[in-house]
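Reproduced below: input.txt, with compact mmCIF, N, CA and C atoms.
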# COMPACT_ATOMS: atom_id res chain seq x y z
N MET A 1 0.85 -1.17 0.00
CA MET A 1 0.00 0.00 0.00
C MET A 1 0.89 1.23 0.00
N ALA A 2 0.74 2.11 -0.94
CA ALA A 2 1.56 3.30 -1.06
C ALA A 2 0.85 4.49 -0.42
N PHE A 3 1.65 5.36 0.14
CA PHE A 3 1.13 6.62 0.67
C PHE A 3 1.13 7.62 -0.48
N LYS A 4 0.02 8.33 -0.68
CA LYS A 4 -0.09 9.20 -1.84
C LYS A 4 -0.18 10.67 -1.49
N GLU A 5 -0.60 10.97 -0.28
CA GLU A 5 -0.74 12.37 0.10
C GLU A 5 0.59 12.88 0.62
N ILE A 6 1.15 13.87 -0.06
CA ILE A 6 2.45 14.40 0.31
C ILE A 6 2.27 15.82 0.84
N GLN A 7 2.79 16.02 2.02
CA GLN A 7 2.80 17.36 2.61
C GLN A 7 4.11 18.03 2.23
N PRO A 8 4.18 19.36 2.31
CA PRO A 8 5.43 20.06 1.98
C PRO A 8 6.61 19.50 2.79
N GLY A 9 7.71 19.21 2.10
CA GLY A 9 8.92 18.72 2.76
C GLY A 9 8.96 17.22 2.99
N GLN A 10 7.92 16.49 2.59
CA GLN A 10 7.87 15.06 2.86
C GLN A 10 8.17 14.20 1.63
N ALA A 11 8.38 14.77 0.49
CA ALA A 11 8.52 13.99 -0.74
C ALA A 11 9.62 12.94 -0.64
N ASP A 12 10.80 13.31 -0.18
CA ASP A 12 11.90 12.35 -0.08
C ASP A 12 11.58 11.27 0.95
N TRP A 13 11.03 11.65 2.07
CA TRP A 13 10.72 10.70 3.13
C TRP A 13 9.70 9.67 2.64
N LEU A 14 8.65 10.11 1.95
CA LEU A 14 7.63 9.20 1.46
C LEU A 14 8.19 8.25 0.40
N LYS A 15 9.07 8.74 -0.47
CA LYS A 15 9.67 7.87 -1.48
C LYS A 15 10.51 6.79 -0.81
N ILE A 16 11.31 7.15 0.16
CA ILE A 16 12.15 6.18 0.87
C ILE A 16 11.28 5.15 1.61
N LEU A 17 10.22 5.62 2.28
CA LEU A 17 9.33 4.72 3.00
C LEU A 17 8.65 3.75 2.05
N ASN A 18 8.08 4.25 0.98
CA ASN A 18 7.38 3.37 0.03
C ASN A 18 8.34 2.39 -0.64
N ASP A 19 9.55 2.82 -0.97
CA ASP A 19 10.53 1.90 -1.55
C ASP A 19 10.89 0.81 -0.55
N SER A 20 11.05 1.17 0.71
CA SER A 20 11.39 0.19 1.75
C SER A 20 10.25 -0.81 1.96
N LEU A 21 9.01 -0.32 1.99
CA LEU A 21 7.87 -1.21 2.18
C LEU A 21 7.70 -2.16 1.01
N LYS A 22 7.97 -1.67 -0.19
CA LYS A 22 7.81 -2.48 -1.39
C LYS A 22 8.82 -3.64 -1.41
N ASN A 23 10.02 -3.40 -0.89
CA ASN A 23 11.08 -4.41 -0.94
C ASN A 23 11.19 -5.24 0.33
N ASN A 24 10.39 -4.96 1.33
CA ASN A 24 10.48 -5.64 2.60
C ASN A 24 9.54 -6.84 2.62
N LYS A 25 10.07 -8.05 2.75
CA LYS A 25 9.26 -9.26 2.74
C LYS A 25 9.20 -9.84 4.16
N TRP A 26 7.98 -10.00 4.66
CA TRP A 26 7.76 -10.60 5.98
C TRP A 26 7.13 -11.97 5.78
N ASP A 27 7.65 -12.94 6.51
CA ASP A 27 7.05 -14.26 6.56
C ASP A 27 6.32 -14.39 7.88
N ARG A 28 5.32 -15.30 7.91
CA ARG A 28 4.52 -15.46 9.13
C ARG A 28 4.20 -16.93 9.32
N GLN A 29 4.21 -17.34 10.59
CA GLN A 29 3.81 -18.70 10.94
C GLN A 29 2.89 -18.63 12.15
N GLN A 30 1.92 -19.52 12.19
CA GLN A 30 1.06 -19.65 13.36
C GLN A 30 1.16 -21.08 13.86
N LEU A 31 1.38 -21.23 15.16
CA LEU A 31 1.61 -22.53 15.76
C LEU A 31 0.77 -22.65 17.04
N ASN A 32 0.43 -23.88 17.40
CA ASN A 32 -0.36 -24.10 18.62
C ASN A 32 0.49 -24.70 19.71
N GLY A 33 0.19 -24.32 20.95
CA GLY A 33 0.76 -24.98 22.11
C GLY A 33 -0.16 -26.13 22.50
N THR A 34 0.36 -27.06 23.27
CA THR A 34 -0.43 -28.17 23.77
C THR A 34 -0.64 -27.97 25.27
N LEU A 35 -1.89 -27.96 25.70
CA LEU A 35 -2.18 -27.78 27.12
C LEU A 35 -1.79 -29.04 27.88
N ILE A 36 -1.25 -28.84 29.09
CA ILE A 36 -0.77 -29.95 29.90
C ILE A 36 -1.29 -29.82 31.32
N ASN A 37 -1.08 -30.84 32.12
CA ASN A 37 -1.41 -30.85 33.55
C ASN A 37 -2.88 -30.57 33.85
N GLY A 38 -3.78 -31.06 33.00
CA GLY A 38 -5.20 -30.92 33.25
C GLY A 38 -5.80 -29.58 32.90
N CYS A 39 -5.04 -28.72 32.24
CA CYS A 39 -5.55 -27.40 31.85
C CYS A 39 -6.37 -27.53 30.57
N THR A 40 -7.34 -26.65 30.41
CA THR A 40 -8.19 -26.66 29.22
C THR A 40 -8.18 -25.27 28.60
N GLY A 41 -8.62 -25.19 27.37
CA GLY A 41 -8.66 -23.92 26.63
C GLY A 41 -7.82 -24.04 25.37
N TRP A 42 -7.11 -22.97 25.04
CA TRP A 42 -6.25 -22.98 23.85
C TRP A 42 -5.11 -21.98 24.03
N VAL A 43 -3.99 -22.27 23.39
CA VAL A 43 -2.82 -21.39 23.36
C VAL A 43 -2.25 -21.46 21.95
N ALA A 44 -2.02 -20.31 21.34
CA ALA A 44 -1.46 -20.26 19.98
C ALA A 44 -0.39 -19.18 19.91
N GLY A 45 0.56 -19.39 19.03
CA GLY A 45 1.62 -18.41 18.82
C GLY A 45 1.67 -17.99 17.37
N THR A 46 1.84 -16.71 17.13
CA THR A 46 2.02 -16.18 15.78
C THR A 46 3.35 -15.45 15.76
N ILE A 47 4.15 -15.74 14.75
CA ILE A 47 5.45 -15.08 14.63
C ILE A 47 5.62 -14.56 13.22
N GLY A 48 5.99 -13.29 13.11
CA GLY A 48 6.28 -12.66 11.84
C GLY A 48 7.73 -12.22 11.84
N TYR A 49 8.40 -12.38 10.70
CA TYR A 49 9.82 -12.04 10.67
C TYR A 49 10.24 -11.64 9.27
N ASP A 50 11.27 -10.82 9.23
CA ASP A 50 11.92 -10.48 7.96
C ASP A 50 13.41 -10.76 8.13
N ALA A 51 14.24 -10.19 7.31
CA ALA A 51 15.67 -10.46 7.36
C ALA A 51 16.32 -9.84 8.60
N ASP A 52 15.68 -8.85 9.21
CA ASP A 52 16.30 -8.11 10.31
C ASP A 52 15.73 -8.40 11.69
N MET A 53 14.42 -8.69 11.79
CA MET A 53 13.80 -8.77 13.11
C MET A 53 12.61 -9.72 13.09
N TYR A 54 12.06 -9.96 14.29
CA TYR A 54 10.83 -10.74 14.42
C TYR A 54 9.91 -10.08 15.44
N VAL A 55 8.64 -10.36 15.30
CA VAL A 55 7.62 -9.99 16.29
C VAL A 55 6.82 -11.27 16.53
N ALA A 56 6.72 -11.67 17.79
CA ALA A 56 6.02 -12.91 18.14
C ALA A 56 4.99 -12.61 19.21
N CYS A 57 3.86 -13.30 19.14
CA CYS A 57 2.79 -13.12 20.12
C CYS A 57 2.22 -14.48 20.48
N ILE A 58 2.02 -14.69 21.77
CA ILE A 58 1.30 -15.86 22.25
C ILE A 58 -0.01 -15.36 22.83
N ALA A 59 -1.10 -15.98 22.42
CA ALA A 59 -2.42 -15.61 22.93
C ALA A 59 -3.15 -16.89 23.30
N GLY A 60 -4.09 -16.76 24.21
CA GLY A 60 -4.87 -17.93 24.58
C GLY A 60 -5.90 -17.63 25.63
N TRP A 61 -6.73 -18.61 25.87
CA TRP A 61 -7.75 -18.57 26.92
C TRP A 61 -7.64 -19.90 27.64
N ILE A 62 -7.28 -19.88 28.92
CA ILE A 62 -7.03 -21.13 29.63
C ILE A 62 -7.82 -21.20 30.93
N THR A 63 -8.06 -22.43 31.35
CA THR A 63 -8.62 -22.70 32.67
C THR A 63 -7.67 -23.65 33.37
N LEU A 64 -7.21 -23.24 34.55
CA LEU A 64 -6.33 -24.07 35.36
C LEU A 64 -7.19 -24.86 36.35
N PRO A 65 -6.90 -26.12 36.58
CA PRO A 65 -7.74 -26.90 37.47
C PRO A 65 -7.62 -26.47 38.94
N ASN A 66 -6.45 -26.03 39.36
CA ASN A 66 -6.26 -25.54 40.73
C ASN A 66 -4.88 -24.91 40.86
N LYS A 67 -4.54 -24.43 42.04
CA LYS A 67 -3.29 -23.70 42.20
C LYS A 67 -2.05 -24.57 42.12
N SER A 68 -2.21 -25.89 42.17
CA SER A 68 -1.03 -26.74 42.12
C SER A 68 -0.42 -26.81 40.71
N VAL A 69 -1.11 -26.27 39.72
CA VAL A 69 -0.58 -26.26 38.36
C VAL A 69 0.44 -25.14 38.23
N THR A 70 1.68 -25.51 37.93
CA THR A 70 2.70 -24.49 37.70
C THR A 70 3.06 -24.37 36.22
N GLU A 71 2.79 -25.41 35.42
CA GLU A 71 2.99 -25.37 33.97
C GLU A 71 1.68 -25.74 33.31
N PHE A 72 1.25 -24.95 32.33
CA PHE A 72 -0.06 -25.18 31.72
C PHE A 72 -0.02 -25.46 30.23
N SER A 73 1.09 -25.16 29.54
CA SER A 73 1.13 -25.37 28.09
C SER A 73 2.57 -25.52 27.61
N THR A 74 2.71 -26.26 26.52
CA THR A 74 4.00 -26.27 25.85
C THR A 74 4.19 -24.94 25.14
N ASN A 75 5.41 -24.62 24.80
CA ASN A 75 5.74 -23.38 24.10
C ASN A 75 5.41 -23.54 22.61
N PRO A 76 4.49 -22.72 22.06
CA PRO A 76 4.17 -22.83 20.63
C PRO A 76 5.38 -22.59 19.73
N PHE A 77 6.39 -21.88 20.22
CA PHE A 77 7.57 -21.55 19.42
C PHE A 77 8.73 -22.51 19.66
N ASP A 78 8.47 -23.65 20.29
CA ASP A 78 9.52 -24.63 20.57
C ASP A 78 10.22 -25.01 19.27
N GLY A 79 11.53 -24.94 19.27
CA GLY A 79 12.32 -25.26 18.08
C GLY A 79 12.50 -24.09 17.13
N ILE A 80 11.78 -23.00 17.36
CA ILE A 80 11.87 -21.82 16.50
C ILE A 80 12.52 -20.64 17.23
N LEU A 81 12.17 -20.47 18.50
CA LEU A 81 12.62 -19.32 19.27
C LEU A 81 12.95 -19.77 20.68
N ASP A 82 14.17 -19.50 21.12
CA ASP A 82 14.55 -19.78 22.49
C ASP A 82 14.01 -18.65 23.36
N THR A 83 13.02 -18.95 24.19
CA THR A 83 12.32 -17.92 24.95
C THR A 83 12.95 -17.63 26.31
N LYS A 84 14.00 -18.35 26.70
CA LYS A 84 14.62 -18.10 27.99
C LYS A 84 15.17 -16.68 28.06
N GLY A 85 14.77 -15.97 29.07
CA GLY A 85 15.27 -14.62 29.28
C GLY A 85 14.64 -13.54 28.42
N LEU A 86 13.67 -13.88 27.58
CA LEU A 86 13.03 -12.86 26.75
C LEU A 86 12.08 -12.01 27.59
N ALA A 87 12.13 -10.73 27.37
CA ALA A 87 11.21 -9.83 28.07
C ALA A 87 9.82 -9.94 27.45
N VAL A 88 8.80 -9.96 28.29
CA VAL A 88 7.42 -10.06 27.83
C VAL A 88 6.82 -8.67 27.77
N ILE A 89 6.15 -8.37 26.66
CA ILE A 89 5.41 -7.13 26.52
C ILE A 89 3.94 -7.52 26.54
N GLY A 90 3.15 -6.93 27.39
CA GLY A 90 1.73 -7.24 27.41
C GLY A 90 1.30 -7.89 28.70
N THR A 91 0.15 -8.52 28.69
CA THR A 91 -0.42 -9.09 29.90
C THR A 91 -0.56 -10.59 29.76
N ALA A 92 -0.51 -11.25 30.87
CA ALA A 92 -0.69 -12.69 30.90
C ALA A 92 -1.16 -13.06 32.30
N PHE A 93 -2.45 -13.04 32.50
CA PHE A 93 -2.99 -13.24 33.84
C PHE A 93 -4.20 -14.16 33.81
N VAL A 94 -4.44 -14.85 34.92
CA VAL A 94 -5.67 -15.59 35.12
C VAL A 94 -6.24 -15.22 36.47
N GLY A 95 -7.53 -15.39 36.64
CA GLY A 95 -8.18 -15.11 37.91
C GLY A 95 -9.35 -16.05 38.11
N GLN A 96 -9.93 -16.03 39.30
CA GLN A 96 -11.08 -16.87 39.58
C GLN A 96 -12.25 -16.46 38.71
N LYS A 97 -13.10 -17.43 38.38
CA LYS A 97 -14.29 -17.14 37.58
C LYS A 97 -15.24 -16.19 38.31
N THR A 98 -15.15 -16.14 39.63
CA THR A 98 -16.02 -15.25 40.40
C THR A 98 -15.58 -13.80 40.30
N GLY A 99 -14.39 -13.56 39.73
CA GLY A 99 -13.90 -12.20 39.60
C GLY A 99 -13.13 -11.70 40.81
N GLN A 100 -12.87 -12.56 41.78
CA GLN A 100 -12.10 -12.14 42.94
C GLN A 100 -10.72 -11.69 42.50
N ASN A 101 -10.13 -10.80 43.27
CA ASN A 101 -8.87 -10.18 42.90
C ASN A 101 -7.68 -11.05 43.30
N ASN A 102 -7.44 -12.09 42.58
CA ASN A 102 -6.22 -12.87 42.73
C ASN A 102 -5.80 -13.36 41.37
N PHE A 103 -4.69 -12.85 40.89
CA PHE A 103 -4.23 -13.09 39.54
C PHE A 103 -2.87 -13.78 39.57
N ALA A 104 -2.56 -14.49 38.52
CA ALA A 104 -1.28 -15.18 38.43
C ALA A 104 -0.59 -14.81 37.13
N PRO A 105 0.51 -14.06 37.18
CA PRO A 105 1.24 -13.73 35.95
C PRO A 105 1.87 -14.98 35.33
N MET A 106 1.96 -15.00 33.99
CA MET A 106 2.55 -16.11 33.26
C MET A 106 4.01 -15.83 32.96
N LYS A 107 4.76 -16.90 32.69
CA LYS A 107 6.17 -16.78 32.30
C LYS A 107 6.58 -18.04 31.57
N PHE A 108 7.77 -18.04 31.00
CA PHE A 108 8.38 -19.25 30.47
C PHE A 108 9.19 -19.86 31.59
N VAL A 109 8.95 -21.12 31.91
CA VAL A 109 9.71 -21.80 32.96
C VAL A 109 10.97 -22.38 32.34
N ASP A 110 11.85 -22.91 33.19
CA ASP A 110 13.18 -23.34 32.74
C ASP A 110 13.15 -24.39 31.64
N ASP A 111 12.14 -25.28 31.62
CA ASP A 111 12.11 -26.30 30.58
C ASP A 111 11.47 -25.79 29.28
N GLY A 112 11.11 -24.51 29.23
CA GLY A 112 10.57 -23.90 28.02
C GLY A 112 9.07 -23.88 27.95
N ASN A 113 8.37 -24.58 28.85
CA ASN A 113 6.91 -24.55 28.86
C ASN A 113 6.41 -23.23 29.42
N LEU A 114 5.13 -22.96 29.22
CA LEU A 114 4.49 -21.79 29.81
C LEU A 114 4.03 -22.16 31.21
N GLY A 115 4.29 -21.28 32.17
CA GLY A 115 3.94 -21.58 33.55
C GLY A 115 3.42 -20.37 34.29
N ILE A 116 3.05 -20.60 35.53
CA ILE A 116 2.51 -19.58 36.41
C ILE A 116 3.64 -19.02 37.25
N LEU A 117 3.78 -17.70 37.26
CA LEU A 117 4.83 -17.06 38.06
C LEU A 117 4.50 -17.14 39.54
N GLY A 118 3.24 -16.99 39.88
CA GLY A 118 2.83 -17.04 41.28
C GLY A 118 1.61 -16.18 41.48
N ASN A 119 0.79 -16.54 42.47
CA ASN A 119 -0.42 -15.77 42.70
C ASN A 119 -0.10 -14.49 43.45
N THR A 120 -0.86 -13.44 43.18
CA THR A 120 -0.67 -12.16 43.84
C THR A 120 -1.85 -11.79 44.71
N GLY A 121 -2.86 -12.63 44.73
CA GLY A 121 -4.03 -12.34 45.56
C GLY A 121 -3.95 -13.06 46.88
N SER A 122 -4.78 -12.68 47.81
CA SER A 122 -4.75 -13.28 49.14
C SER A 122 -5.81 -14.36 49.30
N GLN A 123 -6.62 -14.60 48.28
CA GLN A 123 -7.71 -15.55 48.41
C GLN A 123 -7.56 -16.73 47.46
N TRP A 124 -6.34 -17.11 47.12
CA TRP A 124 -6.12 -18.21 46.19
C TRP A 124 -6.66 -19.49 46.82
N ASP A 125 -7.49 -20.19 46.10
CA ASP A 125 -8.18 -21.37 46.62
C ASP A 125 -7.84 -22.57 45.74
N GLU A 126 -7.18 -23.56 46.30
CA GLU A 126 -6.78 -24.72 45.50
C GLU A 126 -7.96 -25.56 45.06
N ASN A 127 -9.14 -25.31 45.58
CA ASN A 127 -10.34 -26.05 45.18
C ASN A 127 -11.14 -25.33 44.10
N VAL A 128 -10.63 -24.23 43.60
CA VAL A 128 -11.33 -23.43 42.60
C VAL A 128 -10.51 -23.44 41.31
N SER A 129 -11.18 -23.52 40.17
CA SER A 129 -10.46 -23.40 38.91
C SER A 129 -10.31 -21.93 38.55
N TYR A 130 -9.24 -21.61 37.86
CA TYR A 130 -8.94 -20.23 37.48
C TYR A 130 -8.93 -20.14 35.97
N THR A 131 -9.50 -19.06 35.45
CA THR A 131 -9.64 -18.87 34.01
C THR A 131 -9.10 -17.50 33.63
N GLY A 132 -8.52 -17.40 32.44
CA GLY A 132 -8.06 -16.09 32.01
C GLY A 132 -7.48 -16.06 30.62
N TRP A 133 -7.23 -14.84 30.18
CA TRP A 133 -6.71 -14.51 28.87
C TRP A 133 -5.20 -14.34 28.96
N ILE A 134 -4.50 -14.78 27.93
CA ILE A 134 -3.05 -14.62 27.83
C ILE A 134 -2.75 -13.78 26.60
N SER A 135 -1.86 -12.83 26.73
CA SER A 135 -1.37 -12.06 25.59
C SER A 135 0.07 -11.67 25.88
N MET A 136 1.00 -12.37 25.26
CA MET A 136 2.43 -12.15 25.48
C MET A 136 3.08 -11.82 24.15
N THR A 137 3.84 -10.73 24.09
CA THR A 137 4.47 -10.30 22.85
C THR A 137 5.97 -10.17 23.05
N PHE A 138 6.72 -10.56 22.02
CA PHE A 138 8.18 -10.50 22.05
C PHE A 138 8.66 -9.88 20.75
N VAL A 139 9.72 -9.10 20.84
CA VAL A 139 10.33 -8.48 19.65
C VAL A 139 11.82 -8.67 19.79
N GLY A 140 12.49 -9.01 18.69
CA GLY A 140 13.93 -9.18 18.78
C GLY A 140 14.59 -9.26 17.42
N PRO A 141 15.92 -9.39 17.42
CA PRO A 141 16.65 -9.49 16.15
C PRO A 141 16.42 -10.85 15.49
N ARG A 142 16.46 -10.89 14.19
CA ARG A 142 16.21 -12.11 13.41
C ARG A 142 17.15 -13.23 13.81
N GLY A 143 18.35 -12.90 14.25
CA GLY A 143 19.33 -13.89 14.63
C GLY A 143 18.91 -14.79 15.78
N GLN A 144 17.90 -14.38 16.57
CA GLN A 144 17.42 -15.20 17.67
C GLN A 144 16.55 -16.37 17.18
N LEU A 145 16.07 -16.30 15.95
CA LEU A 145 15.21 -17.36 15.42
C LEU A 145 16.05 -18.51 14.87
N LYS A 146 15.50 -19.70 14.97
CA LYS A 146 16.16 -20.90 14.46
C LYS A 146 15.61 -21.28 13.08
N ILE A 147 14.85 -20.41 12.44
CA ILE A 147 14.30 -20.68 11.11
C ILE A 147 14.82 -19.66 10.13
Do you think you could lay out the structure here as structure tokens?
Amino acid sequence: MAFKEIQPGQADWLKILNDSLKNNKWDRQQLNGTLINGCTGWVAGTIGYDADMYVACIAGWITLPNKSVTEFSTNPFDGILDTKGLAVIGTAFVGQKTGQNNFAPMKFVDDGNLGILGNTGSQWDENVSYTGWISMTFVGPRGQLKI
């Protein structure tokens, strides 16, 4: 898609931008994680990349059976992106279905699976299932990818 409206002083900038967009090729893959330890729902990863960088996102809706679950899904990017030490942009929380204020942030655990960082509420109940939305985004240099 080309930009056509040129303001005074922007002609060179728009030409450079449009030339760059025209020659820039992005590839994209979508992969699914596998839920483990009695968890239900879905987890999927989408990764887009060009010759210089990548943008990856993990999204999902999960229900944890109880607080004893520390790992809930395999990493959708297993074999493609080493997620150890990657900074997460976005939110990744679950809470009780009743809406009580106890949430558990998500992270990548040492074996590469997706896990629970720990509860932050005071009413965590091991007899209650927890449900929530996951949205984790990563950005980095293309060299971090194994594809």
Å distance separating atom N of Arg28 of chain A from atom CA of Thr63 of chain A, one decimal place: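 We find that atom N of Arg28 of chain A and atom CA of Thr63 of chain A lie 29.4 Å from each other.
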Per-residue DSSP, segment 47-81 of chain A, filtered to strand (DSSP E), as number ranges by chain: A: 47-49, 53-64, 71-73
Save out the residues we just selected, N, CA and C atoms, as a PDB file, in the coordinates of the input.
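Output file out_36.pdb is given in full below:
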ATOM      1  N   ILE A  47       4.150 -15.740  14.750  1.00  0.00           N
ATOM      2  CA  ILE A  47       5.450 -15.080  14.630  1.00  0.00           C
ATOM      3  C   ILE A  47       5.620 -14.560  13.220  1.00  0.00           C
ATOM      4  N   GLY A  48       5.990 -13.290  13.110  1.00  0.00           N
ATOM      5  CA  GLY A  48       6.280 -12.660  11.840  1.00  0.00           C
ATOM      6  C   GLY A  48       7.730 -12.220  11.840  1.00  0.00           C
ATOM      7  N   TYR A  49       8.400 -12.380  10.700  1.00  0.00           N
ATOM      8  CA  TYR A  49       9.820 -12.040  10.670  1.00  0.00           C
ATOM      9  C   TYR A  49      10.240 -11.640   9.270  1.00  0.00           C
ATOM     10  N   MET A  53      14.420  -8.690  11.790  1.00  0.00           N
ATOM     11  CA  MET A  53      13.800  -8.770  13.110  1.00  0.00           C
ATOM     12  C   MET A  53      12.610  -9.720  13.090  1.00  0.00           C
ATOM     13  N   TYR A  54      12.060  -9.960  14.290  1.00  0.00           N
ATOM     14  CA  TYR A  54      10.830 -10.740  14.420  1.00  0.00           C
ATOM     15  C   TYR A  54       9.910 -10.080  15.440  1.00  0.00           C
ATOM     16  N   VAL A  55       8.640 -10.360  15.300  1.00  0.00           N
ATOM     17  CA  VAL A  55       7.620  -9.990  16.290  1.00  0.00           C
ATOM     18  C   VAL A  55       6.820 -11.270  16.530  1.00  0.00           C
ATOM     19  N   ALA A  56       6.720 -11.670  17.790  1.00  0.00           N
ATOM     20  CA  ALA A  56       6.020 -12.910  18.140  1.00  0.00           C
ATOM     21  C   ALA A  56       4.990 -12.610  19.210  1.00  0.00           C
ATOM     22  N   CYS A  57       3.860 -13.300  19.140  1.00  0.00           N
ATOM     23  CA  CYS A  57       2.790 -13.120  20.120  1.00  0.00           C
ATOM     24  C   CYS A  57       2.220 -14.480  20.480  1.00  0.00           C
ATOM     25  N   ILE A  58       2.020 -14.690  21.770  1.00  0.00           N
ATOM     26  CA  ILE A  58       1.300 -15.860  22.250  1.00  0.00           C
ATOM     27  C   ILE A  58      -0.010 -15.360  22.830  1.00  0.00           C
ATOM     28  N   ALA A  59      -1.100 -15.980  22.420  1.00  0.00           N
ATOM     29  CA  ALA A  59      -2.420 -15.610  22.930  1.00  0.00           C
ATOM     30  C   ALA A  59      -3.150 -16.890  23.300  1.00  0.00           C
ATOM     31  N   GLY A  60      -4.090 -16.760  24.210  1.00  0.00           N
ATOM     32  CA  GLY A  60      -4.870 -17.930  24.580  1.00  0.00           C
ATOM     33  C   GLY A  60      -5.900 -17.630  25.630  1.00  0.00           C
ATOM     34  N   TRP A  61      -6.730 -18.610  25.870  1.00  0.00           N
ATOM     35  CA  TRP A  61      -7.750 -18.570  26.920  1.00  0.00           C
ATOM     36  C   TRP A  61      -7.640 -19.900  27.640  1.00  0.00           C
ATOM     37  N   ILE A  62      -7.280 -19.880  28.920  1.00  0.00           N
ATOM     38  CA  ILE A  62      -7.030 -21.130  29.630  1.00  0.00           C
ATOM     39  C   ILE A  62      -7.820 -21.200  30.930  1.00  0.00           C
ATOM     40  N   THR A  63      -8.060 -22.430  31.350  1.00  0.00           N
ATOM     41  CA  THR A  63      -8.620 -22.700  32.670  1.00  0.00           C
ATOM     42  C   THR A  63      -7.670 -23.650  33.370  1.00  0.00           C
ATOM     43  N   LEU A  64      -7.210 -23.240  34.550  1.00  0.00           N
ATOM     44  CA  LEU A  64      -6.330 -24.070  35.360  1.00  0.00           C
ATOM     45  C   LEU A  64      -7.190 -24.860  36.350  1.00  0.00           C
ATOM     46  N   GLU A  71       2.790 -25.410  35.420  1.00  0.00           N
ATOM     47  CA  GLU A  71       2.990 -25.370  33.970  1.00  0.00           C
ATOM     48  C   GLU A  71       1.680 -25.740  33.310  1.00  0.00           C
ATOM     49  N   PHE A  72       1.250 -24.950  32.330  1.00  0.00           N
ATOM     50  CA  PHE A  72      -0.060 -25.180  31.720  1.00  0.00           C
ATOM     51  C   PHE A  72      -0.020 -25.460  30.230  1.00  0.00           C
ATOM     52  N   SER A  73       1.090 -25.160  29.540  1.00  0.00           N
ATOM     53  CA  SER A  73       1.130 -25.370  28.090  1.00  0.00           C
ATOM     54  C   SER A  73       2.570 -25.520  27.610  1.00  0.00           C
TER      55      SER A  73
END
Which of A:Asp52, A:Cys57, A:Gly45, A:Ile36 sits closest to Phe72 of chain A [using all atoms listed in the file]: A:Ile36
Length of the atom CA of Met106 of chain A to atom CA of Gln144 of chain A vector [Å]: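 Taking atom CA of Met106 of chain A and atom CA of Gln144 of chain A, their separation equals 21.6 Å.
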Which of A:Gly60, A:Ser73, A:Trp26, A:Asp82 sits closest to Ser135 of chain A [using all atoms listed in the file]: A:Gly60
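Taking atom C of Met53 of chain A as the reference point, atom CA of Glu71 of chain A is found at 27.8 Å.
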